[in-house]
Amino acid sequence: MIKLAKKISIKQGYVYLFLKVGVFLLLAFFFDFILGSFLSKFYFKQTSGWEYRTKFSIEDTKADILVFGASRAQQQYNPLFFEERLHQTCYNVGRDGQPIFYYYAVLKSIVKRYTPKMIILDIENEVFKEDQSSYDRISVLLPFYKNHPELHSIIEQKSPFEKFKLQSYVYPYNSMLFKIAIGNTEFNKKRNIDINGYVPLTRVLDEQIRNVDLSKKYVIDSIKVNLYKSFISECLRANIKLYIVCSPYFFNSIGSDTSMQLATEIAKRNNIDYFDFSKDKLFLNNSKFFDDTVHVNVEGSKIFTNKLIDSIIFKSQKQ
């Protein structure tokens, strides 16, 4: 009888343990769902800031002309000049600090909704460099995982466990609480001027031009190269006129950057027009057009954007 009582007691203990675990899991799921839904609601209600511009780029813009790239796209290409001179709507979908994963993800979502007439892709030195931080920055796309299946393969590059982590409703917003709060206020609108996605820089650089050695070798990330090729292929498939551009730098380059060489070769193989302003003498001789050595300021942006438009018009007239 004692042994039987012990067995019953042990079974009851297991049942109680399983019940506790079950209740804990249910509560965890419940709170994860409630908090995640709350964060999602306010993420997609933002009216300013980087997250708002990402959401607008992926889900809302229907502009005829789109500018892609990182900070050298976002802060150097003024859409108003494209609209004024080419008589087509323009939006700058560039985002500061984002690598090719971001550009391609935004493109995939856009072409699923509509077909732009023209795309400008700004590329920069070391665009294909192997770098773990490039994968970490995919996190800005996490809020779109559940409703954008076209982005799954890109977002899952972040880590082998990403698809499992994204079963959580809270996980996509882990590092965005402050941004979401600010994005739902007027603060960002006052802090950053946003002109169709373009964020102008106002500082004037005051320094002598220097030499930069671009010939140093580094490891090329084949995934980034393949995404660049896929970006080109998506545009060709959709019959979108694509221009690849390297915008101005304020330094004298020694040698050639490996990524830029590769990007140029791939563009040429696909008959894509490529404009290189990295050694443009007008900019190399005028620090006043720069905010820092890799970004033109608002005055430089005006000159650069119009020079690019001149090149586009000239090319289109020849074809």
# chains A, B, ... in the order shown; residues from 1 in each chain; ligands from 1

$ residues_around --residues "segment 83-96 of chain A" --least-positions-apart "2" --cutoff "6 Å" --atoms "only C-alpha atoms" --output "list in words"
Ser57, Ala63, Asp64, Ile65, Leu66, Val67, Phe68, Gly69, Ala70, Ser71, Ala73, Gln74, Pro79, Leu80, Phe81, Gln98, Asn196, Gly197 and Tyr198 of chain A

$ select_by_dssp --residues "segment 103-164 of chain A" --states "helix (DSSP H, G or I)" --output "PyMOL selection string"
chain A and resi 103-113+132-144+149-155+162-164

$ write_last_selection --atoms "C-alpha atoms" --output "compact mmCIF listing (two decimals), in the first residue's frame"
# COMPACT_ATOMS: atom_id res chain seq x y z
CA TYR A 103 17.90 47.34 -50.76
CA TYR A 104 16.91 43.99 -52.21
CA ALA A 105 14.19 43.38 -49.61
CA VAL A 106 12.59 46.77 -50.30
CA LEU A 107 12.78 46.12 -54.05
CA LYS A 108 11.12 42.69 -53.67
CA SER A 109 8.21 44.20 -51.77
CA ILE A 110 7.83 47.09 -54.19
CA VAL A 111 7.75 45.04 -57.40
CA LYS A 112 5.13 42.80 -55.81
CA ARG A 113 2.84 45.86 -55.53
CA GLN A 132 28.78 40.35 -39.61
CA SER A 133 27.19 43.72 -38.85
CA SER A 134 25.51 43.60 -42.27
CA TYR A 135 23.57 40.53 -41.11
CA ASP A 136 22.77 42.08 -37.74
CA ARG A 137 21.21 45.09 -39.49
CA ILE A 138 18.61 42.87 -41.15
CA SER A 139 16.76 43.31 -37.83
CA VAL A 140 15.12 46.49 -39.20
CA LEU A 141 13.09 44.23 -41.51
CA LEU A 142 11.78 41.89 -38.78
CA PRO A 143 8.40 43.66 -38.34
CA PHE A 144 7.55 42.74 -41.95
CA PRO A 149 6.45 36.18 -47.39
CA GLU A 150 8.57 37.60 -50.21
CA LEU A 151 11.03 38.77 -47.53
CA HIS A 152 11.39 35.47 -45.67
CA SER A 153 14.51 34.26 -47.50
CA ILE A 154 16.26 37.59 -46.93
CA ILE A 155 15.33 38.01 -43.26
CA GLU A 162 15.60 33.43 -37.17
CA LYS A 163 12.49 31.63 -38.42
CA PHE A 164 12.01 30.11 -34.96

$ closest_atom_pairs --of "segment 216-262 of chain A" --to "segment 278-293 of chain A" --cutoff "10 Å" --atoms "only C-alpha atoms" --output "CSV"
residue,atom,partner,partner_atom,distance
A:Val245,CA,A:Ser278,CA,9.3
A:Cys246,CA,A:Ser278,CA,6.0
A:Ser247,CA,A:Ser278,CA,5.6
A:Pro248,CA,A:Ser278,CA,4.3
A:Tyr249,CA,A:Ser278,CA,5.2
A:Phe250,CA,A:Thr293,CA,4.6
A:Phe251,CA,A:Thr293,CA,6.7
A:Asn252,CA,A:Lys279,CA,7.5
A:Ser253,CA,A:Lys279,CA,7.9

$ residues_around --residues "Asp273 of chain A" --least-positions-apart "2" --cutoff "9 Å" --atoms "only C-alpha atoms" --output "mmCIF file with N, CA and C atoms, in the first residue's frame"
data_model
loop_
_atom_site.group_PDB
_atom_site.id
_atom_site.type_symbol
_atom_site.label_atom_id
_atom_site.label_comp_id
_atom_site.auth_asym_id
_atom_site.auth_seq_id
_atom_site.Cartn_x
_atom_site.Cartn_y
_atom_site.Cartn_z
ATOM 1 N N LEU A 242 17.115 50.770 -64.962
ATOM 2 C CA LEU A 242 18.006 50.808 -63.799
ATOM 3 C C LEU A 242 19.282 51.580 -64.128
ATOM 4 N N TYR A 243 19.646 52.495 -63.219
ATOM 5 C CA TYR A 243 20.932 53.183 -63.281
ATOM 6 C C TYR A 243 21.678 52.886 -61.988
ATOM 7 N N ILE A 244 22.937 52.478 -62.128
ATOM 8 C CA ILE A 244 23.788 52.239 -60.961
ATOM 9 C C ILE A 244 24.770 53.401 -60.868
ATOM 10 N N VAL A 245 24.878 53.970 -59.667
ATOM 11 C CA VAL A 245 25.632 55.215 -59.500
ATOM 12 C C VAL A 245 26.575 55.125 -58.308
ATOM 13 N N ALA A 267 27.476 45.070 -63.787
ATOM 14 C CA ALA A 267 26.565 46.017 -64.441
ATOM 15 C C ALA A 267 26.795 46.015 -65.950
ATOM 16 N N LYS A 268 28.043 46.060 -66.366
ATOM 17 C CA LYS A 268 28.362 46.078 -67.796
ATOM 18 C C LYS A 268 27.913 44.791 -68.491
ATOM 19 N N ASN A 271 24.400 45.084 -69.329
ATOM 20 C CA ASN A 271 24.056 46.289 -70.098
ATOM 21 C C ASN A 271 23.315 47.328 -69.256
ATOM 22 N N PHE A 275 27.118 55.186 -63.698
ATOM 23 C CA PHE A 275 27.680 56.537 -63.616
ATOM 24 C C PHE A 275 28.586 56.630 -62.393
ATOM 25 N N LYS A 315 21.929 60.083 -71.771
ATOM 26 C CA LYS A 315 21.919 58.655 -72.111
ATOM 27 C C LYS A 315 20.617 58.274 -72.820
#

$ closest_atom_pairs --of "segment 183-238 of chain A" --to "segment 114-117 of chain A" --cutoff "12 Å" --atoms "only C-alpha atoms" --output "tab-separated table"
residue	atom	partner	partner_atom	distance
A:Glu234	CA	A:Thr115	CA	10.6
A:Cys235	CA	A:Thr115	CA	9.1
A:Leu236	CA	A:Thr115	CA	11.3
A:Arg237	CA	A:Thr115	CA	10.6
A:Ala238	CA	A:Thr115	CA	6.8

$ write_last_selection --atoms "N, CA and C atoms" --output "mmCIF file, in the first residue's frame"
data_model
loop_
_atom_site.group_PDB
_atom_site.id
_atom_site.type_symbol
_atom_site.label_atom_id
_atom_site.label_comp_id
_atom_site.auth_asym_id
_atom_site.auth_seq_id
_atom_site.Cartn_x
_atom_site.Cartn_y
_atom_site.Cartn_z
ATOM 1 N N GLU A 234 15.874 41.433 -61.119
ATOM 2 C CA GLU A 234 14.494 41.847 -60.813
ATOM 3 C C GLU A 234 14.096 43.050 -61.669
ATOM 4 N N CYS A 235 14.992 44.006 -61.798
ATOM 5 C CA CYS A 235 14.705 45.200 -62.595
ATOM 6 C C CYS A 235 14.569 44.857 -64.075
ATOM 7 N N LEU A 236 15.462 44.012 -64.572
ATOM 8 C CA LEU A 236 15.381 43.609 -65.974
ATOM 9 C C LEU A 236 14.091 42.836 -66.247
ATOM 10 N N ARG A 237 13.740 41.938 -65.332
ATOM 11 C CA ARG A 237 12.526 41.120 -65.500
ATOM 12 C C ARG A 237 11.275 41.992 -65.537
ATOM 13 N N ALA A 238 11.266 43.038 -64.719
ATOM 14 C CA ALA A 238 10.093 43.914 -64.642
ATOM 15 C C ALA A 238 10.154 45.060 -65.651
#

$ closest_residue --among "A:Glu156, A:Ile100, A:Asp257, A:Ile303" --to "Ile232 of chain A" --atoms "only C-alpha atoms"
A:Ile100

$ atom_distance --atom1 "atom CA of Ala181 of chain A" --atom2 "atom CA of Phe38 of chain A"
11.9 Å

$ atom_distance --atom1 "atom CA of Ser316 of chain A" --atom2 "atom CA of Asn239 of chain A"
15.0 Å

$ closest_residue --among "A:Asn270, A:Asn226, A:Thr202, A:Asn184" --to "Tyr52 of chain A" --atoms "only C-alpha atoms"
A:Asn184

$ atom_distance --atom1 "atom CA of Gln317 of chain A" --atom2 "atom CA of Phe231 of chain A"
25.2 Å

$ select_by_dssp --residues "segment 95-298 of chain A" --states "strand (DSSP E)" --output "number ranges by chain"
A: 118-122, 211-213, 241-246, 252-254, 273-276, 290-292, 295-296

$ residues_around --residues "Val170 of chain A" --least-positions-apart "6" --cutoff "9 Å" --atoms "only C-alpha atoms" --output "number ranges by chain"
A: 32-37, 39-40

$ closest_residue --among "A:Asp213, A:Asp122, A:Tyr145, A:Gln76" --to "Asp276 of chain A" --atoms "only C-alpha atoms"
A:Asp122

$ closest_residue --among "A:Thr47, A:Gln75, A:Thr258, A:Ser230" --to "Lys216 of chain A" --atoms "only C-alpha atoms"
A:Thr258
